[in-house]
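Chemist: So here's query-v5.txt (compact mmCIF, C-alpha atoms).
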```txt
# COMPACT_ATOMS: atom_id res chain seq x y z
CA LYS O 1 11.41 16.63 22.88
CA ILE O 2 9.31 13.56 22.00
CA LEU O 3 5.80 14.64 21.03
CA ASP O 4 4.49 11.25 19.89
CA HIS O 5 5.67 7.65 19.67
CA GLN O 6 4.05 4.89 17.64
CA SER O 7 5.24 1.44 16.55
CA THR O 8 4.50 -1.17 13.90
CA GLY O 9 6.36 -3.83 15.85
CA SER O 10 9.16 -3.69 13.27
CA MET O 11 9.75 0.07 13.40
CA ASP O 12 9.33 2.77 16.03
CA GLY O 13 8.36 6.24 14.83
CA TYR O 14 8.75 9.45 16.80
CA ILE O 15 7.52 12.96 16.13
CA LEU O 16 9.99 15.34 17.74
CA SER O 17 10.01 19.10 17.87
CA GLU O 18 11.17 20.02 14.32
CA SER O 19 12.15 16.39 13.63
CA SER O 20 11.11 12.84 12.83
CA LEU O 21 12.92 9.75 14.07
CA PHE O 22 12.55 6.15 12.88
CA VAL O 23 14.26 3.22 14.61
CA THR O 24 14.48 -0.46 13.64
CA THR O 25 16.69 -3.25 14.96
CA ASN O 26 19.55 -2.17 12.70
CA ARG O 27 18.78 1.38 11.53
CA ILE O 28 18.36 4.90 12.86
CA ILE O 29 16.85 7.52 10.53
CA LEU O 30 16.69 11.10 11.84
CA ILE O 31 15.14 13.88 9.77
CA THR O 32 15.23 17.50 10.94
CA CYS O 33 14.27 20.94 9.68
CA GLY O 34 14.63 24.53 10.83
CA THR O 35 17.78 25.33 12.78
CA THR O 36 18.14 21.99 14.58
CA VAL O 37 21.83 21.19 15.15
CA LEU O 38 21.59 17.66 13.79
CA LEU O 39 25.28 16.81 13.92
CA ASN O 40 25.35 17.41 17.68
CA CYS O 41 23.76 13.99 18.14
CA LEU O 42 26.61 12.05 16.51
CA GLU O 43 28.84 11.67 19.55
CA MET O 44 25.95 10.49 21.72
CA LEU O 45 24.68 8.03 19.11
CA LEU O 46 28.10 6.55 18.41
CA GLN O 47 28.81 6.17 22.13
CA GLY O 48 25.45 4.46 22.68
CA LEU O 49 26.10 2.02 19.84
CA LYS O 50 29.57 1.26 21.18
CA GLU O 51 28.18 0.50 24.63
CA LYS O 52 25.78 -2.01 23.05
CA GLY O 53 28.55 -3.66 21.05
CA ARG O 54 27.29 -2.34 17.69
CA GLU O 55 29.35 -1.00 14.79
CA VAL O 56 28.28 1.38 12.03
CA GLU O 57 28.26 -0.35 8.64
CA TYR O 58 26.71 2.52 6.70
CA PHE O 59 26.28 6.22 7.50
CA GLN O 60 24.82 9.00 5.40
CA TYR O 61 24.24 12.68 6.09
CA SER O 62 22.35 14.57 3.38
CA ARG O 63 20.74 17.94 2.89
CA LYS O 64 19.53 20.32 0.23
CA ASN O 65 21.21 23.75 0.19
CA PHE O 66 19.72 25.99 2.89
CA SER O 67 17.34 28.80 1.93
CA PHE O 68 18.78 31.01 4.71
CA PRO O 69 22.26 29.62 5.51
CA TRP O 70 23.26 32.67 7.56
CA GLN O 71 20.52 31.79 10.07
CA GLN O 72 21.96 28.33 10.73
CA PRO O 73 24.08 27.52 13.81
CA ALA O 74 27.82 27.65 13.17
CA MET O 75 28.13 23.87 12.74
CA HIS O 76 25.70 23.95 9.79
CA ARG O 77 26.54 27.32 8.26
CA SER O 78 28.80 25.86 5.58
CA ILE O 79 29.63 22.56 3.95
CA ALA O 80 33.21 22.95 5.19
CA ALA O 81 32.05 23.19 8.81
CA GLU O 82 29.80 20.15 8.43
CA TYR O 83 32.55 18.21 6.68
CA THR O 84 34.95 18.79 9.58
CA THR O 85 32.52 17.26 12.07
CA LEU O 86 31.55 14.40 9.75
CA LYS O 87 35.12 13.47 8.83
CA THR O 88 36.17 13.52 12.48
CA ASN O 89 33.48 10.98 13.37
CA PHE O 90 33.71 8.92 10.15
CA PRO O 91 37.27 9.14 8.76
CA ALA O 92 36.48 6.64 5.99
CA GLY O 93 33.55 8.73 4.71
CA SER O 94 33.54 10.97 1.63
CA PRO O 95 31.60 14.12 0.68
CA TYR O 96 29.63 14.58 -2.57
CA ILE O 97 27.83 17.57 -4.08
CA LEU O 98 25.20 17.15 -6.79
CA GLY O 99 24.36 20.28 -8.74
CA PRO O 100 25.88 23.78 -9.00
CA LEU O 101 27.20 25.30 -5.77
CA ASP O 102 25.63 28.70 -6.50
CA LYS O 103 22.18 27.26 -7.24
CA ASP O 104 20.12 24.26 -6.15
CA HIS O 105 22.49 21.57 -4.96
CA TYR O 106 22.52 18.55 -2.68
CA PHE O 107 25.30 17.79 -0.20
CA THR O 108 25.76 14.25 1.05
CA PHE O 109 28.45 12.56 3.11
CA VAL O 110 28.63 8.76 2.86
CA MET O 111 30.56 6.14 4.79
CA ASP O 112 29.82 2.77 3.19
CA ASN O 113 31.36 -0.46 4.50
CA ILE O 114 28.68 -2.73 3.03
CA ASN O 115 30.06 -5.72 1.13
CA ARG O 116 27.61 -5.86 -1.78
CA ASP O 117 29.33 -8.94 -3.17
CA ALA O 118 28.34 -10.84 -0.03
CA ARG O 119 24.65 -9.90 0.06
CA GLU O 120 21.97 -8.29 -2.05
CA GLU O 121 21.14 -4.69 -1.09
CA THR O 122 17.67 -3.43 -2.01
CA ASP O 123 17.45 -0.04 -0.31
CA MET O 124 15.86 2.95 -1.99
CA GLN O 125 14.77 6.37 -0.80
CA LEU O 126 12.90 9.32 -2.28
CA ASN O 127 13.15 12.90 -1.04
CA ILE O 128 11.01 15.72 -2.45
CA VAL O 129 11.90 19.25 -1.35
CA MET O 130 9.28 21.83 -2.36
CA TYR O 131 9.21 25.64 -2.29
CA ASP O 132 6.42 28.22 -2.71
CA ILE O 133 3.64 25.75 -2.09
CA CYS O 134 0.04 26.55 -3.04
CA GLU O 135 -1.58 29.11 -0.68
CA ASP O 136 -4.88 27.19 -0.64
CA VAL O 137 -2.97 24.23 0.77
CA SER O 138 -0.70 26.27 3.05
CA LYS O 139 -3.61 27.80 4.95
CA GLN O 140 -4.69 24.32 6.08
CA PHE O 141 -1.57 24.07 8.25
CA TYR O 142 -2.47 26.98 10.55
CA SER O 143 -4.03 26.25 13.94
CA ASP O 144 -5.04 28.02 17.14
CA MET O 145 -4.00 24.99 19.22
CA ASP O 146 -1.20 22.43 19.31
CA SER O 147 -2.54 18.96 18.56
CA THR O 148 -0.96 15.52 18.23
CA THR O 149 -2.45 12.55 16.31
CA SER O 150 -6.01 13.73 16.88
CA GLU O 151 -9.32 14.36 15.15
CA LEU O 152 -7.97 17.80 14.21
CA THR O 153 -4.86 16.42 12.52
CA ALA O 154 -6.93 13.74 10.75
CA THR O 155 -9.11 16.55 9.36
CA ILE O 156 -5.99 18.33 8.11
CA ARG O 157 -4.89 15.17 6.28
CA LYS O 158 -8.33 14.82 4.70
CA ASN O 159 -8.63 18.49 3.65
CA THR O 160 -5.16 18.68 2.12
CA GLY O 161 -5.12 15.30 0.39
CA LEU O 162 -2.37 13.89 2.60
CA ALA O 163 -4.82 11.18 3.64
CA ARG O 164 -4.37 9.71 0.16
CA LEU O 165 -0.69 9.22 0.91
CA PHE O 166 -0.82 8.16 4.55
CA ASP O 167 -4.14 6.77 5.73
CA SER O 168 -3.76 3.30 4.20
CA CYS O 169 -0.56 2.78 6.21
CA GLU O 170 -0.38 0.62 9.31
CA VAL O 171 0.41 3.55 11.63
CA VAL O 172 -0.10 7.31 11.17
CA GLN O 173 1.06 10.01 13.59
CA ASP O 174 1.02 13.76 13.06
CA GLN O 175 1.33 17.12 14.76
CA VAL O 176 0.09 20.65 14.08
CA TRP O 177 1.55 23.66 15.89
CA VAL O 178 0.40 27.13 16.95
CA PRO O 179 0.27 29.32 14.95
CA CYS O 180 1.35 27.09 12.05
CA GLY O 181 3.45 24.15 10.97
CA TYR O 182 2.77 20.47 10.51
CA SER O 183 4.61 17.12 10.56
CA ALA O 184 3.38 13.61 9.82
CA ASN O 185 4.87 10.11 9.91
CA ALA O 186 3.28 6.99 8.47
CA MET O 187 4.66 3.46 8.76
CA SER O 188 3.97 -0.03 7.47
CA GLY O 189 6.41 -2.70 8.61
CA THR O 190 9.85 -1.12 8.20
CA GLU O 191 8.73 1.34 5.50
CA TYR O 192 8.05 4.98 6.35
CA TRP O 193 6.55 8.07 4.73
CA THR O 194 7.05 11.49 6.31
CA THR O 195 6.32 15.14 5.58
CA HIS O 196 7.27 18.43 7.24
CA ILE O 197 5.58 21.69 6.30
CA THR O 198 6.34 25.37 6.92
CA PRO O 199 3.36 27.27 5.44
CA GLU O 200 4.28 30.95 5.91
CA LYS O 201 3.86 32.79 2.61
CA HIS O 202 7.32 34.41 2.56
CA CYS O 203 9.10 31.06 2.99
CA SER O 204 6.57 28.30 2.34
CA TYR O 205 8.21 24.91 2.19
CA ALA O 206 7.29 21.25 2.32
CA SER O 207 9.36 18.08 2.34
CA PHE O 208 8.34 14.50 1.70
CA GLU O 209 10.44 11.39 2.18
CA THR O 210 9.96 7.64 1.99
CA ASN O 211 12.03 4.46 1.93
CA ALA O 212 9.14 2.40 0.55
CA ALA O 213 9.84 0.05 -2.36
CA TYR O 214 8.40 1.40 -5.63
CA PRO O 215 9.43 0.09 -9.06
CA ASP O 216 8.71 3.60 -10.42
CA TYR O 217 8.38 6.78 -8.35
CA THR O 218 6.39 8.63 -11.03
CA PRO O 219 2.85 8.02 -9.64
CA LEU O 220 3.93 8.94 -6.10
CA VAL O 221 5.76 12.10 -7.17
CA THR O 222 2.76 13.10 -9.30
CA GLU O 223 0.47 12.68 -6.27
CA VAL O 224 2.73 14.76 -4.02
CA LEU O 225 3.04 17.55 -6.60
CA GLU O 226 -0.75 17.60 -7.04
CA ILE O 227 -1.21 18.07 -3.29
CA PHE O 228 1.33 20.85 -2.69
CA LYS O 229 1.56 22.46 -6.15
CA PRO O 230 5.01 23.98 -5.49
CA LYS O 231 6.53 26.60 -7.78
CA LYS O 232 9.79 24.64 -7.73
CA CYS O 233 11.07 21.43 -6.22
CA THR O 234 13.99 19.02 -6.13
CA LEU O 235 13.69 15.24 -6.31
CA ILE O 236 16.42 13.12 -4.72
CA MET O 237 16.45 9.39 -5.43
CA LEU O 238 18.91 7.12 -3.64
CA VAL O 239 18.81 3.68 -5.23
CA ASP O 240 20.46 0.28 -4.83
CA GLU O 241 20.62 -1.53 -8.17
CA GLU O 242 18.85 -4.59 -6.77
CA SER O 243 15.91 -2.55 -5.41
CA PRO O 244 12.63 -2.42 -7.37
CA ALA O 245 13.51 1.01 -8.79
CA GLY O 246 17.07 -0.08 -9.49
CA LYS O 247 15.87 -3.05 -11.54
CA THR O 248 13.47 -0.78 -13.46
CA ARG O 249 16.26 1.66 -14.34
CA ARG O 250 18.61 -1.19 -15.28
CA ARG O 251 16.07 -2.21 -17.92
CA GLY O 252 16.31 1.32 -19.34
CA ALA O 253 12.89 2.43 -18.06
CA ASN O 254 12.03 5.65 -16.23
CA ILE O 255 11.83 5.70 -12.40
CA GLY O 256 10.51 9.26 -12.09
CA ASP O 257 13.67 11.34 -12.53
CA THR O 258 12.20 13.39 -15.37
CA SER O 259 9.75 16.21 -16.11
CA TYR O 260 6.08 16.10 -15.06
CA ASP O 261 2.82 17.63 -16.23
CA SER O 262 3.06 21.40 -15.57
CA TYR O 263 6.72 21.03 -14.54
CA MET O 264 9.83 21.35 -16.68
CA MET O 265 13.16 19.81 -15.76
CA ALA O 266 15.60 22.57 -14.81
CA GLY O 267 18.60 20.40 -13.99
CA ARG O 268 19.70 16.85 -13.33
CA ALA O 269 22.75 15.24 -11.75
CA LEU O 270 23.78 11.65 -11.02
CA ASN O 271 26.47 10.27 -8.74
CA GLU O 272 27.46 6.64 -8.30
CA PHE O 273 28.92 6.18 -4.83
CA GLY O 274 30.24 2.75 -5.76
CA PRO O 275 29.19 -0.24 -7.82
CA GLY O 276 25.49 -0.81 -7.28
CA TYR O 277 24.48 2.36 -5.38
CA TYR O 278 23.73 5.78 -6.82
CA CYS O 279 21.90 9.08 -6.30
CA ILE O 280 19.90 11.10 -8.85
CA LYS O 281 18.97 14.76 -8.29
CA THR O 282 16.30 16.34 -10.49
CA ASP O 283 15.21 20.01 -10.29
CA LEU O 284 11.70 20.91 -11.47
CA LEU O 285 10.11 24.31 -12.21
CA PHE O 286 6.38 24.98 -12.48
CA CYS O 287 5.67 26.11 -16.05
CA ALA O 288 1.88 25.92 -16.62
```
Step by step, read the file and then write its structure as structure tokens.
Modeler:
Amino acid sequence: KILDHQSTGSMDGYILSESSLFVTTNRIILITCGTTVLLNCLEMLLQGLKEKGREVEYFQYSRKNFSFPWQQPAMHRSIAAEYTTLKTNFPAGSPYILGPLDKDHYFTFVMDNINRDAREETDMQLNIVMYDICEDVSKQFYSDMDSTTSELTATIRKNTGLARLFDSCEVVQDQVWVPCGYSANAMSGTEYWTTHITPEKHCSYASFETNAAYPDYTPLVTEVLEIFKPKKCTLIMLVDEESPAGKTRRRGANIGDTSYDSYMMAGRALNEFGPGYYCIKTDLLFCA
């Protein structure tokens, strides 16, 4: 269900029930949480693209390990089940796992037909997955009414500090649910920032994602951690070598895949999908 639609002219953003969707002339980015059966949309999307004479040059499906995998629909209950669906639709794709299977890990499936010798690729993406977020922040995401992109949701952004991340953007859209839960999208041009929050104490969780071009993610990650104050989190950085962050790392400088004030690094993994494109996973634990 579409709850809100906004546009920058270069990108359309949608808040869906349990999801965010971003669409440009050549990209579709769909982010879900909860028990949404994300892979069910593949057949419909691929058929729609075929009818419009479009071909898929790059496809990626990624997720952190589930907190409650047994509560997921059958298609998402295991990596093997997901792989079967993904491989059927993208035979040329390959699966990758970063991190230990019995602890925090990141599963991604990539089909990459981009000819990087023919053109410069500058994509980059940051995902922050946070657990046990601060109770003082969590309580801000409870409401006695559903509200979409309103004075109420603007107040939530201000009271939590999310306004510092979003309100300078060209477009901001957000949603709060009864009795709790919150999602927000922000866009400028073809760059997006998005967060999804489950505030219940027994399973509090927040995610943050952006494709914006930063030469170093450290200030942004620091800001996000200061807002949510999670007990643990995982950073995922997907980087093309010719992106701003890629050029920073190529010089031997840090792009934010390290420890932070009050957080120790509990694990780190790197995978290079091919020449010029890689993923870094960093696990952080609150230690102050």
Chemist: Write out as a PDB file with C-alpha atoms, in the frame of the given file each polymer residue whose atoms come within 6 Å of region 185-199 of chain O, counting all atoms listed in the file; drop sequence neighbours fewer than 2 positions from it.
Modeler:
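Okay, this is what ended up in part01.pdb:
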```pdb
ATOM      1  CA  THR O   8       4.500  -1.170  13.900  1.00  0.00           C
ATOM      2  CA  SER O  10       9.160  -3.690  13.270  1.00  0.00           C
ATOM      3  CA  MET O  11       9.750   0.070  13.400  1.00  0.00           C
ATOM      4  CA  SER O 138      -0.700  26.270   3.050  1.00  0.00           C
ATOM      5  CA  PHE O 166      -0.820   8.160   4.550  1.00  0.00           C
ATOM      6  CA  CYS O 169      -0.560   2.780   6.210  1.00  0.00           C
ATOM      7  CA  GLU O 170      -0.380   0.620   9.310  1.00  0.00           C
ATOM      8  CA  VAL O 171       0.410   3.550  11.630  1.00  0.00           C
ATOM      9  CA  VAL O 172      -0.100   7.310  11.170  1.00  0.00           C
ATOM     10  CA  GLN O 173       1.060  10.010  13.590  1.00  0.00           C
ATOM     11  CA  GLY O 181       3.450  24.150  10.970  1.00  0.00           C
ATOM     12  CA  TYR O 182       2.770  20.470  10.510  1.00  0.00           C
ATOM     13  CA  SER O 183       4.610  17.120  10.560  1.00  0.00           C
ATOM     14  CA  SER O 204       6.570  28.300   2.340  1.00  0.00           C
ATOM     15  CA  TYR O 205       8.210  24.910   2.190  1.00  0.00           C
ATOM     16  CA  ALA O 206       7.290  21.250   2.320  1.00  0.00           C
ATOM     17  CA  SER O 207       9.360  18.080   2.340  1.00  0.00           C
ATOM     18  CA  PHE O 208       8.340  14.500   1.700  1.00  0.00           C
ATOM     19  CA  GLU O 209      10.440  11.390   2.180  1.00  0.00           C
ATOM     20  CA  THR O 210       9.960   7.640   1.990  1.00  0.00           C
ATOM     21  CA  ASN O 211      12.030   4.460   1.930  1.00  0.00           C
ATOM     22  CA  ALA O 212       9.140   2.400   0.550  1.00  0.00           C
TER      23      ALA O 212
END
```
Chemist: Nearest residue to Asn89 (chain O) out of O:Gly276, O:Leu39, O:Ser62, O:Arg250, using only C-alpha atoms?
Modeler: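 The answer is O:Leu39, which sits nearest to Asn89 (chain O).
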Chemist: Select, from O:Glu121, O:Val221, O:Asp216, O:Ser147, the residue with the minimum atom-to-atom distance to Leu165 (chain O), counting all atoms listed in the file.
Modeler: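 Of all the options, O:Val221 lies closest to Leu165 (chain O).
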Chemist: One decimal, in Å: what's the spacing between CA of Cys134 (chain O) and CA of Lys231 (chain O)?
Modeler: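 That distance, rounded to one decimal, is 8.0 Å.
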Chemist: Rounded to one decimal, what separation in Å do you get between CA of Val56 (chain O) and CA of Ile236 (chain O)?
Modeler: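 Answer for the CA of Val56 (chain O) to CA of Ile236 (chain O) separation: 23.6 Å.
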Chemist: Residues within 12 Å of Glu43 (chain O), please, as a list in words. Count all atoms listed in the file; anything in the same chain fewer than 4 positions from it doesn't count.
Modeler: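 With the cut-off at 12 Å, the set is Leu38, Leu39, Gln47, Gly48, Leu49, Lys50, Thr85, Leu86, Thr88, Asn89 and Phe90 of chain O.
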Chemist: With C-alpha atoms retained, write the just-selected residues as a PDB file, keeping the file's coordinate frame.
Modeler:
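Saved as result.pdb:
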```pdb
ATOM      1  CA  LEU O  38      21.590  17.660  13.790  1.00  0.00           C
ATOM      2  CA  LEU O  39      25.280  16.810  13.920  1.00  0.00           C
ATOM      3  CA  GLN O  47      28.810   6.170  22.130  1.00  0.00           C
ATOM      4  CA  GLY O  48      25.450   4.460  22.680  1.00  0.00           C
ATOM      5  CA  LEU O  49      26.100   2.020  19.840  1.00  0.00           C
ATOM      6  CA  LYS O  50      29.570   1.260  21.180  1.00  0.00           C
ATOM      7  CA  THR O  85      32.520  17.260  12.070  1.00  0.00           C
ATOM      8  CA  LEU O  86      31.550  14.400   9.750  1.00  0.00           C
ATOM      9  CA  THR O  88      36.170  13.520  12.480  1.00  0.00           C
ATOM     10  CA  ASN O  89      33.480  10.980  13.370  1.00  0.00           C
ATOM     11  CA  PHE O  90      33.710   8.920  10.150  1.00  0.00           C
TER      12      PHE O  90
END
```
Chemist: Can you work out which one of O:Leu16, O:Ala92, O:Ile156, O:Ile227 has the shortest atom-to-atom distance to Asn113 (chain O), counting only C-alpha atoms?
Modeler: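 So, comparing all the options, the nearest one is O:Ala92.
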Chemist: Per residue of region 137-223 of chain O within 12 Å of region 254-265 of chain O, record the nearest atom pair and its distance in Å to one decimal, counting all atoms listed in the file, with rows in chain order and ascending residue number, as a Markdown table.
Modeler:
```
| residue | atom | partner | partner_atom | distance |
| --- | --- | --- | --- | --- |
| O:Ala213 | CA | O:Ile255 | CA | 11.7 |
| O:Tyr214 | CA | O:Ile255 | CA | 8.7 |
| O:Pro215 | CA | O:Ile255 | CA | 7.0 |
| O:Asp216 | CA | O:Ile255 | CA | 4.3 |
| O:Tyr217 | CA | O:Gly256 | CA | 5.0 |
| O:Thr218 | CA | O:Gly256 | CA | 4.3 |
| O:Pro219 | CA | O:Gly256 | CA | 8.1 |
| O:Leu220 | CA | O:Gly256 | CA | 8.9 |
| O:Val221 | CA | O:Gly256 | CA | 7.4 |
| O:Thr222 | CA | O:Tyr260 | CA | 7.3 |
| O:Glu223 | CA | O:Tyr260 | CA | 11.0 |
```
Chemist: Quick one: write out the picked residues with C-alpha atoms as a compact mmCIF listing (two decimals), keeping the file's coordinate frame?
Modeler:
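This is the output file part.txt:
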```
# COMPACT_ATOMS: atom_id res chain seq x y z
CA ALA O 213 9.84 0.05 -2.36
CA TYR O 214 8.40 1.40 -5.63
CA PRO O 215 9.43 0.09 -9.06
CA ASP O 216 8.71 3.60 -10.42
CA TYR O 217 8.38 6.78 -8.35
CA THR O 218 6.39 8.63 -11.03
CA PRO O 219 2.85 8.02 -9.64
CA LEU O 220 3.93 8.94 -6.10
CA VAL O 221 5.76 12.10 -7.17
CA THR O 222 2.76 13.10 -9.30
CA GLU O 223 0.47 12.68 -6.27
```
Chemist: Rounded to one decimal, what separation in Å do you get between CA of Gln175 (chain O) and CA of Thr149 (chain O)?
Modeler: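 Between these atoms lies a distance of 6.1 Å.
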Chemist: Which polymer residues, whether protein, DNA or RNA, lie within 8 Å of the coordinate (28.6, 3.6, 4.0) when you count all atoms listed in the file? List them as a list of chain:residue names, using the chain letters and numbers from the file.
Modeler: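 Residues with an atom at most 8 Å from (28.6, 3.6, 4.0): O:Glu57, O:Tyr58, O:Phe59, O:Gln60, O:Gly93, O:Val110, O:Met111, O:Asp112, O:Asn113, O:Ile114.
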Chemist: Within 10 Å of (15.2, -4.1, -6.9) (file coordinates; all atoms listed in the file), which protein or nucleic acid residues are there? I'd like them as a CSV table (one decimal) with C-alpha atoms, in the frame of the given file.
Modeler:
```
chain,number,residue,atom,x,y,z
O,120,GLU,CA,22.0,-8.3,-2.0
O,121,GLU,CA,21.1,-4.7,-1.1
O,122,THR,CA,17.7,-3.4,-2.0
O,123,ASP,CA,17.4,0.0,-0.3
O,124,MET,CA,15.9,3.0,-2.0
O,213,ALA,CA,9.8,0.0,-2.4
O,214,TYR,CA,8.4,1.4,-5.6
O,215,PRO,CA,9.4,0.1,-9.1
O,239,VAL,CA,18.8,3.7,-5.2
O,240,ASP,CA,20.5,0.3,-4.8
O,241,GLU,CA,20.6,-1.5,-8.2
O,242,GLU,CA,18.8,-4.6,-6.8
O,243,SER,CA,15.9,-2.6,-5.4
O,244,PRO,CA,12.6,-2.4,-7.4
O,245,ALA,CA,13.5,1.0,-8.8
O,246,GLY,CA,17.1,-0.1,-9.5
O,247,LYS,CA,15.9,-3.0,-11.5
O,248,THR,CA,13.5,-0.8,-13.5
O,249,ARG,CA,16.3,1.7,-14.3
O,250,ARG,CA,18.6,-1.2,-15.3
```
Chemist: For a quick check of understanding, using only C-alpha atoms, which of O:Lys103, O:Phe22, O:Leu126, O:Ala81 has the smallest distance to Ala266 (chain O)?
Modeler: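 For Ala266 (chain O), the nearest of the candidates is O:Lys103.
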Chemist: Could you tell me which of O:Asp102, O:Phe107, O:Arg119, O:Leu21 comes closest to Tyr61 (chain O) if we count only C-alpha atoms?
Modeler: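 Residue with the minimum atom-to-atom distance to Tyr61 (chain O): O:Phe107.
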Chemist: Between O:Leu101, O:Ile280, O:Val23, O:Phe109, which residue has the minimum interatomic distance to Thr84 (chain O), considering all atoms listed in the file?
Modeler: O:Phe109
Chemist: Skip Cys279 (chain O) itself and residues of its chain fewer than 6 positions away, then list as an NGL selection string all residues within 8 Å of it, counting all atoms listed in the file.
Modeler: :O and (236-239 or 270-273)
Chemist: Would you mind listing what lies within 12 Å of Asp136 (chain O) as a PyMOL selection string, with all atoms listed in the file counted and same-chain residues fewer than 5 positions away left out?
Modeler: chain O and resi 141-142+159-161+199-201+204+227-230
